[in-house]
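Asker: Take a look at upload19.cif, mmCIF, C-alpha atoms and all ligand atoms:
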data_start
#
loop_
_atom_site.label_atom_id
_atom_site.label_comp_id
_atom_site.auth_asym_id
_atom_site.auth_seq_id
_atom_site.Cartn_x
_atom_site.Cartn_y
_atom_site.Cartn_z
CA MET A 1 86.07 93.00 110.83
CA ASN A 2 83.56 95.74 110.10
CA CYS A 3 84.14 97.50 106.85
CA VAL A 4 82.89 100.62 105.10
CA PHE A 5 83.68 101.93 101.63
CA VAL A 6 83.49 105.71 101.37
CA THR A 7 82.39 106.85 97.92
CA GLY A 8 81.38 110.29 96.70
CA THR A 9 79.13 112.03 94.21
CA ASP A 10 82.29 113.12 92.41
CA THR A 11 85.97 113.72 92.94
CA ASP A 12 86.45 116.52 95.52
CA ALA A 13 83.09 115.70 97.14
CA GLY A 14 84.68 115.29 100.57
CA LYS A 15 85.53 111.57 100.73
CA THR A 16 88.86 112.20 102.48
CA VAL A 17 87.33 114.73 104.88
CA THR A 18 84.62 112.17 105.72
CA ALA A 19 86.94 109.15 105.95
CA VAL A 20 89.27 111.01 108.33
CA ALA A 21 86.28 112.13 110.46
CA LEU A 22 84.93 108.59 110.47
CA LEU A 23 88.25 107.10 111.54
CA GLN A 24 88.46 109.69 114.33
CA ALA A 25 84.87 108.99 115.44
CA LEU A 26 85.49 105.23 115.58
CA TYR A 27 88.84 105.70 117.33
CA GLN A 28 87.16 107.92 119.95
CA ARG A 29 84.72 105.08 120.65
CA GLY A 30 87.63 102.78 121.38
CA PHE A 31 87.61 100.84 118.11
CA ARG A 32 90.84 99.73 116.49
CA CYS A 33 90.86 100.93 112.88
CA LEU A 34 92.66 100.24 109.65
CA ALA A 35 92.60 102.59 106.68
CA SER A 36 92.76 101.95 102.98
CA LYS A 37 93.04 104.11 99.90
CA PRO A 38 93.53 101.28 97.43
CA ILE A 39 93.98 103.46 94.34
CA ALA A 40 95.49 106.94 94.27
CA ALA A 41 96.49 109.06 91.29
CA GLY A 42 98.33 112.23 92.31
CA ALA A 43 101.41 111.55 94.39
CA ASP A 44 104.78 113.05 95.28
CA LEU A 45 108.01 111.19 94.84
CA THR A 46 109.73 110.99 98.24
CA PRO A 47 112.88 109.10 99.29
CA GLN A 48 110.48 106.38 100.52
CA GLY A 49 108.65 106.21 97.19
CA LEU A 50 105.40 107.67 95.84
CA ARG A 51 103.16 109.17 98.52
CA ASN A 52 99.56 110.37 98.05
CA SER A 53 98.25 112.96 100.50
CA ASP A 54 94.85 111.27 101.04
CA ALA A 55 96.52 107.98 101.89
CA LEU A 56 98.91 109.70 104.33
CA LEU A 57 95.98 111.43 106.07
CA LEU A 58 94.07 108.15 106.36
CA GLN A 59 97.15 106.27 107.55
CA ARG A 60 97.61 108.84 110.33
CA ALA A 61 93.92 109.04 111.29
CA ALA A 62 93.66 105.25 111.63
CA GLY A 63 96.29 105.39 114.35
CA ALA A 64 97.49 101.88 113.51
CA GLU A 65 100.99 100.86 112.54
CA GLN A 66 100.16 100.28 108.90
CA ALA A 67 102.85 100.29 106.26
CA TYR A 68 102.15 102.82 103.50
CA ALA A 69 102.04 100.12 100.83
CA GLN A 70 99.32 98.35 102.79
CA VAL A 71 97.20 101.52 102.95
CA ASN A 72 97.80 102.46 99.31
CA PRO A 73 98.98 99.56 97.15
CA PHE A 74 98.21 101.24 93.78
CA CYS A 75 99.76 104.71 93.63
CA PHE A 76 100.54 106.84 90.58
CA ALA A 77 102.21 110.24 90.28
CA PRO A 78 100.02 112.21 87.84
CA PRO A 79 96.67 113.52 89.11
CA ILE A 80 94.70 112.02 86.23
CA ALA A 81 92.15 109.21 85.81
CA PRO A 82 93.80 106.24 87.56
CA HIS A 83 93.38 103.80 84.68
CA ILE A 84 95.21 106.26 82.40
CA ALA A 85 97.89 106.86 85.05
CA ALA A 86 98.34 103.08 85.33
CA GLU A 87 98.63 102.79 81.55
CA GLN A 88 101.21 105.60 81.50
CA ALA A 89 103.18 103.70 84.17
CA GLY A 90 103.12 100.59 81.97
CA THR A 91 100.72 98.66 84.14
CA ALA A 92 96.98 98.02 84.38
CA LEU A 93 94.43 98.11 87.18
CA GLN A 94 92.49 94.88 87.66
CA ALA A 95 89.44 94.38 89.88
CA ALA A 96 90.75 90.99 91.03
CA ARG A 97 94.05 92.43 92.28
CA ILE A 98 92.40 95.34 94.09
CA GLY A 99 89.85 92.96 95.60
CA ALA A 100 92.67 90.67 96.78
CA ALA A 101 94.46 93.59 98.48
CA LEU A 102 91.25 94.56 100.31
CA THR A 103 90.50 90.97 101.29
CA GLU A 104 94.00 90.66 102.76
CA LEU A 105 93.35 93.78 104.88
CA GLN A 106 90.01 92.38 106.06
CA GLN A 107 91.83 89.34 107.40
CA GLN A 108 93.97 91.45 109.73
CA SER A 109 93.10 91.89 113.37
CA SER A 110 91.15 95.14 113.83
CA ASP A 111 87.60 96.33 114.52
CA TRP A 112 87.05 98.56 111.50
CA LEU A 113 88.42 98.97 108.00
CA VAL A 114 87.62 102.35 106.41
CA ILE A 115 88.28 102.44 102.66
CA GLU A 116 88.29 105.61 100.56
CA GLY A 117 87.49 105.22 96.89
CA ALA A 118 89.01 107.35 94.13
CA GLY A 119 86.88 109.70 92.05
CA GLY A 120 83.22 108.69 92.04
CA TRP A 121 81.35 105.37 92.34
CA LEU A 122 81.88 104.19 88.75
CA LEU A 123 85.61 104.91 88.63
CA PRO A 124 86.98 102.94 85.65
CA LEU A 125 89.79 100.48 86.43
CA ASN A 126 90.25 99.61 82.78
CA MET A 127 88.04 99.39 79.72
CA HIS A 128 85.72 96.74 81.19
CA GLU A 129 85.85 97.02 85.00
CA THR A 130 85.03 99.74 87.55
CA MET A 131 85.74 100.12 91.27
CA ALA A 132 82.05 99.40 91.85
CA ASP A 133 82.64 95.87 90.51
CA VAL A 134 85.20 95.31 93.30
CA ILE A 135 82.80 96.57 95.98
CA GLU A 136 79.98 94.47 94.54
CA GLN A 137 82.14 91.33 94.44
CA LEU A 138 83.26 91.83 98.05
CA GLN A 139 79.78 93.02 99.11
CA LEU A 140 81.24 95.88 101.14
CA PRO A 141 78.84 98.34 102.82
CA VAL A 142 78.97 101.79 101.22
CA LEU A 143 78.80 105.29 102.69
CA LEU A 144 78.00 108.01 100.13
CA VAL A 145 79.44 111.51 100.53
CA VAL A 146 77.36 114.14 98.79
CA GLY A 147 79.37 117.26 98.00
CA LEU A 148 76.75 119.97 98.49
CA LYS A 149 76.67 121.96 95.26
CA LEU A 150 74.34 122.54 92.34
CA GLY A 151 73.96 119.21 90.53
CA CYS A 152 74.47 117.08 93.61
CA LEU A 153 70.90 115.73 93.62
CA ASN A 154 71.32 114.15 90.20
CA HIS A 155 74.79 112.79 91.07
CA ALA A 156 73.56 111.41 94.39
CA LEU A 157 70.49 109.72 92.91
CA LEU A 158 72.46 108.19 90.01
CA THR A 159 75.01 106.82 92.48
CA VAL A 160 72.36 105.44 94.82
CA ALA A 161 70.53 103.83 91.87
CA ASP A 162 73.62 101.94 90.76
CA ILE A 163 74.54 100.89 94.32
CA GLN A 164 71.03 99.46 94.72
CA ARG A 165 71.04 97.82 91.28
CA ARG A 166 74.16 95.91 92.30
CA GLY A 167 72.60 94.68 95.54
CA VAL A 168 75.23 96.50 97.61
CA THR A 169 74.22 97.87 101.03
CA LEU A 170 74.14 101.65 101.30
CA VAL A 171 74.69 102.19 105.06
CA GLY A 172 74.10 105.92 104.86
CA TRP A 173 75.02 109.22 103.33
CA ILE A 174 76.82 112.37 104.47
CA GLY A 175 76.21 115.89 103.20
CA ASN A 176 79.44 117.88 102.96
CA GLN A 177 79.53 121.67 102.68
CA LEU A 178 82.26 122.37 100.15
CA ASN A 179 82.61 126.13 100.50
CA PRO A 180 82.61 128.72 103.31
CA GLU A 181 79.22 129.86 102.02
CA PRO A 182 76.49 127.20 101.93
CA MET A 183 75.16 126.43 98.46
CA PRO A 184 71.98 128.32 97.58
CA PHE A 185 68.99 126.66 99.29
CA GLN A 186 71.26 124.15 101.01
CA ALA A 187 68.61 123.17 103.58
CA GLU A 188 66.09 122.48 100.79
CA ASN A 189 68.66 120.37 98.92
CA ILE A 190 69.38 118.39 102.11
CA ARG A 191 65.62 117.87 102.53
CA ALA A 192 65.41 116.49 98.98
CA LEU A 193 68.35 114.15 99.61
CA THR A 194 66.77 112.95 102.85
CA ALA A 195 63.47 112.29 101.10
CA THR A 196 64.93 110.47 98.09
CA ILE A 197 67.84 108.43 99.49
CA ALA A 198 66.65 105.20 101.13
CA ALA A 199 69.42 105.23 103.76
CA PRO A 200 70.00 107.37 106.86
CA CYS A 201 71.89 110.66 106.87
CA LEU A 202 74.89 110.18 109.17
CA GLY A 203 75.60 113.89 109.32
CA ILE A 204 76.07 117.20 107.56
CA LEU A 205 79.69 118.32 107.68
CA PRO A 206 80.13 122.10 107.83
CA TYR A 207 82.92 123.90 106.00
CA ARG A 208 85.92 124.08 108.34
CA SER A 209 89.37 125.16 107.15
CA ASP A 210 90.75 123.10 110.08
CA TRP A 211 88.69 120.03 109.09
CA GLN A 212 91.49 117.63 110.03
CA GLN A 213 90.40 117.96 113.68
CA GLY A 214 86.96 117.98 115.26
CA MET A 215 84.86 116.92 112.24
CA ALA A 216 84.00 113.63 113.98
CA ASP A 217 81.59 115.58 116.21
CA TYR A 218 79.28 116.07 113.20
CA LEU A 219 79.00 112.34 112.46
CA ASP A 220 76.43 110.01 113.95
CA VAL A 221 78.09 106.62 113.62
CA SER A 222 75.37 104.77 115.55
CA HIS A 223 73.77 103.66 112.25
CA LEU A 224 77.08 102.13 111.16
CA LEU A 225 77.45 100.24 114.41
CA GLN A 226 74.08 98.52 113.82
CA HIS A 227 75.29 96.86 110.63
N1 LIG B 1 83.80 120.38 104.91
C1 LIG B 1 84.92 120.89 104.41
N2 LIG B 1 85.54 121.93 105.03
C2 LIG B 1 86.67 122.44 104.53
N3 LIG B 1 87.27 122.01 103.41
C3 LIG B 1 86.71 120.99 102.75
C4 LIG B 1 85.51 120.38 103.21
N4 LIG B 1 85.19 119.40 102.36
C5 LIG B 1 86.14 119.39 101.41
N5 LIG B 1 87.07 120.33 101.63
C6 LIG B 1 88.24 120.63 100.80
O1 LIG B 1 87.88 120.31 99.47
C7 LIG B 1 88.84 119.48 98.85
C8 LIG B 1 88.22 118.17 98.43
O2 LIG B 1 87.85 117.40 99.58
P1 LIG B 1 88.27 115.89 99.70
O3 LIG B 1 87.77 115.34 100.98
O4 LIG B 1 89.74 115.77 99.46
O5 LIG B 1 87.46 115.28 98.47
P2 LIG B 1 87.60 113.83 97.80
O6 LIG B 1 88.37 112.97 98.77
O7 LIG B 1 86.19 113.36 97.59
O8 LIG B 1 88.31 114.05 96.50
C9 LIG B 1 89.98 119.33 99.83
O9 LIG B 1 90.97 120.24 99.48
C10 LIG B 1 89.41 119.68 101.18
O10 LIG B 1 90.38 120.30 101.94
MG MG B 2 90.18 112.03 98.60
#
Show how you would write the structure in this file as structure tokens.

Answerer:
Amino acid sequence: MNCVFVTGTDTDAGKTVTAVALLQALYQRGFRCLASKPIAAGADLTPQGLRNSDALLLQRAAGAEQAYAQVNPFCFAPPIAPHIAAEQAGTALQAARIGAALTELQQQSSDWLVIEGAGGWLLPLNMHETMADVIEQLQLPVLLVVGLKLGCLNHALLTVADIQRRGVTLVGWIGNQLNPEPMPFQAENIRALTATIAAPCLGILPYRSDWQQGMADYLDVSHLLQH
């Protein structure tokens, strides 16, 4: 199964917007998709249990009959750093357990597995492991979402540097416009990202209040299909 891990320059960079668009783009090309949001902090208690909105959006966009617990095995109510939320819930996040959940998904029958991270690339799982350790161990290809705002060049380059240091494949990056108004000198910032990131730009997502539909048109997934 093909796999891609969607990370971002920060929380609220547009990982969910991108992952939903990516699932829609792959689905439109006739691929069967599975979705995963392995760790989520920020969830509502429903009669069915804790439900995180990102995971629900991904579950729906994948269009597969995936049980919620398969999409989002580690879910916590408070919208705080996941390792603290886990601690508050009397448990602990472990790279090995998250890796095992992803490996189990990879063994299912599908064409693509799209995984959304939580927070940024170096999200702590506990005091000695990060989500990047899981991705490095599994050698999953990474797609970086750059939330287009002041400071994004530094965040993008730091993230790319650590991805490369770990020997993980960066399949591409996406620029995501976070506000109705483009950031000042957005085109110049995109030019700098293009020049400094050694991976293709798979698209620039505009700001769209109705982003849950139609964003796939702004993605060029041909680079992903080559991997
Ligand atoms: N291109 C966009 N157009 C419209 N709204 C966006 C766009 N990108 C992000 N948002 C909004 O910004 C917030 C953060 O985006 P999200 O994809 O959830 O970030 P992340 O998953 O990285 O935390 C969401 O409320 C989303 O609705
Ligand atoms: Mg998200």

Asker: Axis-aligned box over every listed atom of ligand LIG 1 (chain B), padded by 3 Å per side: centre and edges in Å to one decimal, as lines of an AutoDock Vina configuration file?

Answerer:
center_x = 87.4
center_y = 117.7
center_z = 100.8
size_x = 13.2
size_y = 15.5
size_z = 14.5

Asker: Residues proximal to (88.2, 112.2, 86.4) were defined as those with any atom within 7 Å of that point in the file's coordinates, counting all atoms listed in the file. Which are they, as number ranges by chain?

Answerer: A: 80-81, 119

Asker: Write out, as a compact mmCIF listing (two decimals), in the coordinates of the input, the residues just selected, with C-alpha atoms.

Answerer:
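So result_34.txt came out as:
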# COMPACT_ATOMS: atom_id res chain seq x y z
CA ILE A 80 94.70 112.02 86.23
CA ALA A 81 92.15 109.21 85.81
CA GLY A 119 86.88 109.70 92.05

Asker: Per residue of chain A within 10 Å of ligand LIG 1 (chain B), which atom pair is closest and at what distance in Å (one decimal), using only C-alpha atoms and all ligand atoms, listed by chain and increasing number, as JSON lines?

Answerer:
{"residue": "A:Val6", "atom": "CA", "partner": "B:LIG1", "partner_atom": "O7", "distance": 8.9}
{"residue": "A:Thr7", "atom": "CA", "partner": "B:LIG1", "partner_atom": "O7", "distance": 7.5}
{"residue": "A:Gly8", "atom": "CA", "partner": "B:LIG1", "partner_atom": "O7", "distance": 5.8}
{"residue": "A:Thr9", "atom": "CA", "partner": "B:LIG1", "partner_atom": "O7", "distance": 7.9}
{"residue": "A:Asp10", "atom": "CA", "partner": "B:LIG1", "partner_atom": "O7", "distance": 6.5}
{"residue": "A:Thr11", "atom": "CA", "partner": "B:LIG1", "partner_atom": "O8", "distance": 4.3}
{"residue": "A:Asp12", "atom": "CA", "partner": "B:LIG1", "partner_atom": "O8", "distance": 3.2}
{"residue": "A:Ala13", "atom": "CA", "partner": "B:LIG1", "partner_atom": "O7", "distance": 3.9}
{"residue": "A:Gly14", "atom": "CA", "partner": "B:LIG1", "partner_atom": "O3", "distance": 3.1}
{"residue": "A:Lys15", "atom": "CA", "partner": "B:LIG1", "partner_atom": "O7", "distance": 3.7}
{"residue": "A:Thr16", "atom": "CA", "partner": "B:LIG1", "partner_atom": "O3", "distance": 3.6}
{"residue": "A:Val17", "atom": "CA", "partner": "B:LIG1", "partner_atom": "O3", "distance": 4.0}
{"residue": "A:Thr18", "atom": "CA", "partner": "B:LIG1", "partner_atom": "O3", "distance": 6.5}
{"residue": "A:Ala19", "atom": "CA", "partner": "B:LIG1", "partner_atom": "O3", "distance": 8.0}
{"residue": "A:Val20", "atom": "CA", "partner": "B:LIG1", "partner_atom": "O3", "distance": 8.7}
{"residue": "A:Ser53", "atom": "CA", "partner": "B:LIG1", "partner_atom": "O4", "distance": 9.0}
{"residue": "A:Asp54", "atom": "CA", "partner": "B:LIG1", "partner_atom": "O4", "distance": 7.0}
{"residue": "A:Glu116", "atom": "CA", "partner": "B:LIG1", "partner_atom": "O6", "distance": 7.6}
{"residue": "A:Gly117", "atom": "CA", "partner": "B:LIG1", "partner_atom": "O6", "distance": 8.0}
{"residue": "A:Ala118", "atom": "CA", "partner": "B:LIG1", "partner_atom": "O8", "distance": 7.1}
{"residue": "A:Gly119", "atom": "CA", "partner": "B:LIG1", "partner_atom": "O8", "distance": 6.4}
{"residue": "A:Gly120", "atom": "CA", "partner": "B:LIG1", "partner_atom": "O7", "distance": 7.8}
{"residue": "A:Val145", "atom": "CA", "partner": "B:LIG1", "partner_atom": "O7", "distance": 7.6}
{"residue": "A:Val146", "atom": "CA", "partner": "B:LIG1", "partner_atom": "O7", "distance": 8.9}
{"residue": "A:Gly147", "atom": "CA", "partner": "B:LIG1", "partner_atom": "N4", "distance": 7.6}
{"residue": "A:Leu148", "atom": "CA", "partner": "B:LIG1", "partner_atom": "N4", "distance": 9.3}
{"residue": "A:Gly175", "atom": "CA", "partner": "B:LIG1", "partner_atom": "N1", "distance": 9.0}
{"residue": "A:Asn176", "atom": "CA", "partner": "B:LIG1", "partner_atom": "N1", "distance": 5.4}
{"residue": "A:Gln177", "atom": "CA", "partner": "B:LIG1", "partner_atom": "N1", "distance": 5.0}
{"residue": "A:Leu178", "atom": "CA", "partner": "B:LIG1", "partner_atom": "N4", "distance": 4.7}
{"residue": "A:Asn179", "atom": "CA", "partner": "B:LIG1", "partner_atom": "C2", "distance": 6.8}
{"residue": "A:Pro180", "atom": "CA", "partner": "B:LIG1", "partner_atom": "C2", "distance": 7.6}
{"residue": "A:Ile204", "atom": "CA", "partner": "B:LIG1", "partner_atom": "N1", "distance": 8.8}
{"residue": "A:Leu205", "atom": "CA", "partner": "B:LIG1", "partner_atom": "N1", "distance": 5.4}
{"residue": "A:Pro206", "atom": "CA", "partner": "B:LIG1", "partner_atom": "N1", "distance": 5.0}
{"residue": "A:Tyr207", "atom": "CA", "partner": "B:LIG1", "partner_atom": "N2", "distance": 3.4}
{"residue": "A:Arg208", "atom": "CA", "partner": "B:LIG1", "partner_atom": "N2", "distance": 4.0}
{"residue": "A:Ser209", "atom": "CA", "partner": "B:LIG1", "partner_atom": "C2", "distance": 4.6}
{"residue": "A:Asp210", "atom": "CA", "partner": "B:LIG1", "partner_atom": "C2", "distance": 6.9}
{"residue": "A:Trp211", "atom": "CA", "partner": "B:LIG1", "partner_atom": "N2", "distance": 5.5}
{"residue": "A:Gln212", "atom": "CA", "partner": "B:LIG1", "partner_atom": "O10", "distance": 8.6}
{"residue": "A:Met215", "atom": "CA", "partner": "B:LIG1", "partner_atom": "N1", "distance": 8.2}

Asker: Store the residues of this selection in a file with C-alpha atoms, as a PDB file, keeping the file's coordinate frame.

Answerer:
ATOM      1  CA  VAL A   6      83.490 105.710 101.370  1.00  0.00           C
ATOM      2  CA  THR A   7      82.390 106.850  97.920  1.00  0.00           C
ATOM      3  CA  GLY A   8      81.380 110.290  96.700  1.00  0.00           C
ATOM      4  CA  THR A   9      79.130 112.030  94.210  1.00  0.00           C
ATOM      5  CA  ASP A  10      82.290 113.120  92.410  1.00  0.00           C
ATOM      6  CA  THR A  11      85.970 113.720  92.940  1.00  0.00           C
ATOM      7  CA  ASP A  12      86.450 116.520  95.520  1.00  0.00           C
ATOM      8  CA  ALA A  13      83.090 115.700  97.140  1.00  0.00           C
ATOM      9  CA  GLY A  14      84.680 115.290 100.570  1.00  0.00           C
ATOM     10  CA  LYS A  15      85.530 111.570 100.730  1.00  0.00           C
ATOM     11  CA  THR A  16      88.860 112.200 102.480  1.00  0.00           C
ATOM     12  CA  VAL A  17      87.330 114.730 104.880  1.00  0.00           C
ATOM     13  CA  THR A  18      84.620 112.170 105.720  1.00  0.00           C
ATOM     14  CA  ALA A  19      86.940 109.150 105.950  1.00  0.00           C
ATOM     15  CA  VAL A  20      89.270 111.010 108.330  1.00  0.00           C
ATOM     16  CA  SER A  53      98.250 112.960 100.500  1.00  0.00           C
ATOM     17  CA  ASP A  54      94.850 111.270 101.040  1.00  0.00           C
ATOM     18  CA  GLU A 116      88.290 105.610 100.560  1.00  0.00           C
ATOM     19  CA  GLY A 117      87.490 105.220  96.890  1.00  0.00           C
ATOM     20  CA  ALA A 118      89.010 107.350  94.130  1.00  0.00           C
ATOM     21  CA  GLY A 119      86.880 109.700  92.050  1.00  0.00           C
ATOM     22  CA  GLY A 120      83.220 108.690  92.040  1.00  0.00           C
ATOM     23  CA  VAL A 145      79.440 111.510 100.530  1.00  0.00           C
ATOM     24  CA  VAL A 146      77.360 114.140  98.790  1.00  0.00           C
ATOM     25  CA  GLY A 147      79.370 117.260  98.000  1.00  0.00           C
ATOM     26  CA  LEU A 148      76.750 119.970  98.490  1.00  0.00           C
ATOM     27  CA  GLY A 175      76.210 115.890 103.200  1.00  0.00           C
ATOM     28  CA  ASN A 176      79.440 117.880 102.960  1.00  0.00           C
ATOM     29  CA  GLN A 177      79.530 121.670 102.680  1.00  0.00           C
ATOM     30  CA  LEU A 178      82.260 122.370 100.150  1.00  0.00           C
ATOM     31  CA  ASN A 179      82.610 126.130 100.500  1.00  0.00           C
ATOM     32  CA  PRO A 180      82.610 128.720 103.310  1.00  0.00           C
ATOM     33  CA  ILE A 204      76.070 117.200 107.560  1.00  0.00           C
ATOM     34  CA  LEU A 205      79.690 118.320 107.680  1.00  0.00           C
ATOM     35  CA  PRO A 206      80.130 122.100 107.830  1.00  0.00           C
ATOM     36  CA  TYR A 207      82.920 123.900 106.000  1.00  0.00           C
ATOM     37  CA  ARG A 208      85.920 124.080 108.340  1.00  0.00           C
ATOM     38  CA  SER A 209      89.370 125.160 107.150  1.00  0.00           C
ATOM     39  CA  ASP A 210      90.750 123.100 110.080  1.00  0.00           C
ATOM     40  CA  TRP A 211      88.690 120.030 109.090  1.00  0.00           C
ATOM     41  CA  GLN A 212      91.490 117.630 110.030  1.00  0.00           C
ATOM     42  CA  MET A 215      84.860 116.920 112.240  1.00  0.00           C
TER      43      MET A 215
END

Asker: Which residue is closest to A:Pro79? Choose from A:Ala43, A:Met1, A:Leu143, A:Met127 and count all atoms listed in the file.

Answerer: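 Smallest distance to A:Pro79 is found for A:Ala43.
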
Asker: Name the residues, using the chain letters and numbers of the file, that sit within 7 Å of (72.9, 125.3, 97.4) when counting only C-alpha atoms, and give them as a PDB file with C-alpha atoms, keeping the file's coordinate frame.

Answerer:
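As written to disk, selection.pdb reads:
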ATOM      1  CA  LEU A 148      76.750 119.970  98.490  1.00  0.00           C
ATOM      2  CA  LYS A 149      76.670 121.960  95.260  1.00  0.00           C
ATOM      3  CA  LEU A 150      74.340 122.540  92.340  1.00  0.00           C
ATOM      4  CA  PRO A 182      76.490 127.200 101.930  1.00  0.00           C
ATOM      5  CA  MET A 183      75.160 126.430  98.460  1.00  0.00           C
ATOM      6  CA  PRO A 184      71.980 128.320  97.580  1.00  0.00           C
ATOM      7  CA  PHE A 185      68.990 126.660  99.290  1.00  0.00           C
ATOM      8  CA  GLN A 186      71.260 124.150 101.010  1.00  0.00           C
ATOM      9  CA  ASN A 189      68.660 120.370  98.920  1.00  0.00           C
TER      10      ASN A 189
END

Asker: For each of A:Thr159, A:Gln137, A:Asn52, A:Gln24, take the minimum atom-to-atom distance to ligand MG 2 (chain B), counting all atoms listed in the file, then give the residue where this is smallest.

Answerer: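 Looking only at the distances to ligand MG 2 (chain B), the closest residue turns out to be A:Asn52.
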
Asker: Report as number ranges by chain all protein, DNA and RNA residues lying within 10 Å of stretch 96-99 of chain A, evaluated on only C-alpha atoms, omitting residues in the same chain fewer than 6 positions from it.

Answerer: A: 38-39, 73-74, 105, 125, 129, 131, 133-135, 137-138

Asker: How far is it from atom CA of A:Pro124 to atom CA of A:Ala85, in Å with one decimal?

Answerer: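 About the pair atom CA of A:Pro124 and atom CA of A:Ala85: they are 11.6 Å apart.
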
Asker: Show me, as a ChimeraX atom specification, the residues that have an atom within 12 Å of stretch 194-198 of chain A when counting only C-alpha atoms, minus same-chain residues fewer than 6 positions from it.

Answerer: /A:143-144,146,153-161,163-164,169-175,187-188,204

Asker: I'd like the neighbourhood of A:Asp220 as a PyMOL selection string, where a residue qualifies if any of its atoms comes within 9 Å (using all atoms listed in the file), though same-chain residues fewer than 2 positions away should be ignored.

Answerer: chain A and resi 25+201-203+216-218+222-224

Asker: Output C-alpha atoms of each residue in that selection to a file, as a PDB file, in the coordinates of the input.

Answerer:
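Done, and the output landed in selection_29.pdb:
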ATOM      1  CA  ALA A  25      84.870 108.990 115.440  1.00  0.00           C
ATOM      2  CA  CYS A 201      71.890 110.660 106.870  1.00  0.00           C
ATOM      3  CA  LEU A 202      74.890 110.180 109.170  1.00  0.00           C
ATOM      4  CA  GLY A 203      75.600 113.890 109.320  1.00  0.00           C
ATOM      5  CA  ALA A 216      84.000 113.630 113.980  1.00  0.00           C
ATOM      6  CA  ASP A 217      81.590 115.580 116.210  1.00  0.00           C
ATOM      7  CA  TYR A 218      79.280 116.070 113.200  1.00  0.00           C
ATOM      8  CA  SER A 222      75.370 104.770 115.550  1.00  0.00           C
ATOM      9  CA  HIS A 223      73.770 103.660 112.250  1.00  0.00           C
ATOM     10  CA  LEU A 224      77.080 102.130 111.160  1.00  0.00           C
TER      11      LEU A 224
END

Asker: Smallest atom-to-atom distance to ligand MG 2 (chain B): which of A:Lys37, A:Arg32, A:Arg191, A:Arg166, using all atoms listed in the file?

Answerer: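 Smallest separation from ligand MG 2 (chain B) among the options: A:Lys37.
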
Asker: Measuring between all atoms listed in the file, which one of A:Ala55, A:Leu26, A:Leu50, A:Val4 shows the shortest distance to ligand MG 2 (chain B)?

Answerer: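 Smallest distance to ligand MG 2 (chain B) is found for A:Ala55.
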
Asker: Calculated over all atoms listed in the file, which of the candidates A:Gly42, A:Pro200, A:Pro78, A:Gly30 has the smallest distance to ligand MG 2 (chain B)?

Answerer: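 Result for the nearest residue to ligand MG 2 (chain B): A:Gly42.
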
Asker: Record the distance separating atom CA of A:Gln66 and atom CA of A:Ser36, expressed in Å with one decimal.

Answerer: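 It comes out at 9.6 Å.
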
Asker: For ligand MG 2 (chain B), which of A:Val71, A:Leu58, A:Val114, A:Ala192 is the closest residue, counting all atoms listed in the file?

Answerer: A:Leu58

Asker: Atom CA of A:Phe76 and atom CA of A:Ala62, how far apart in Å?

Answerer: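 Going from atom CA of A:Ala62 over to atom CA of A:Phe76 covers 22.2 Å.
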
Asker: Please provide as a ChimeraX atom specification all residues within 12 Å of A:Ser109, with the sequence filter that same-chain residues fewer than 3 positions apart are discarded (counting all atoms listed in the file).

Answerer: /A:1-2,31-34,64-66,104-106,112-113
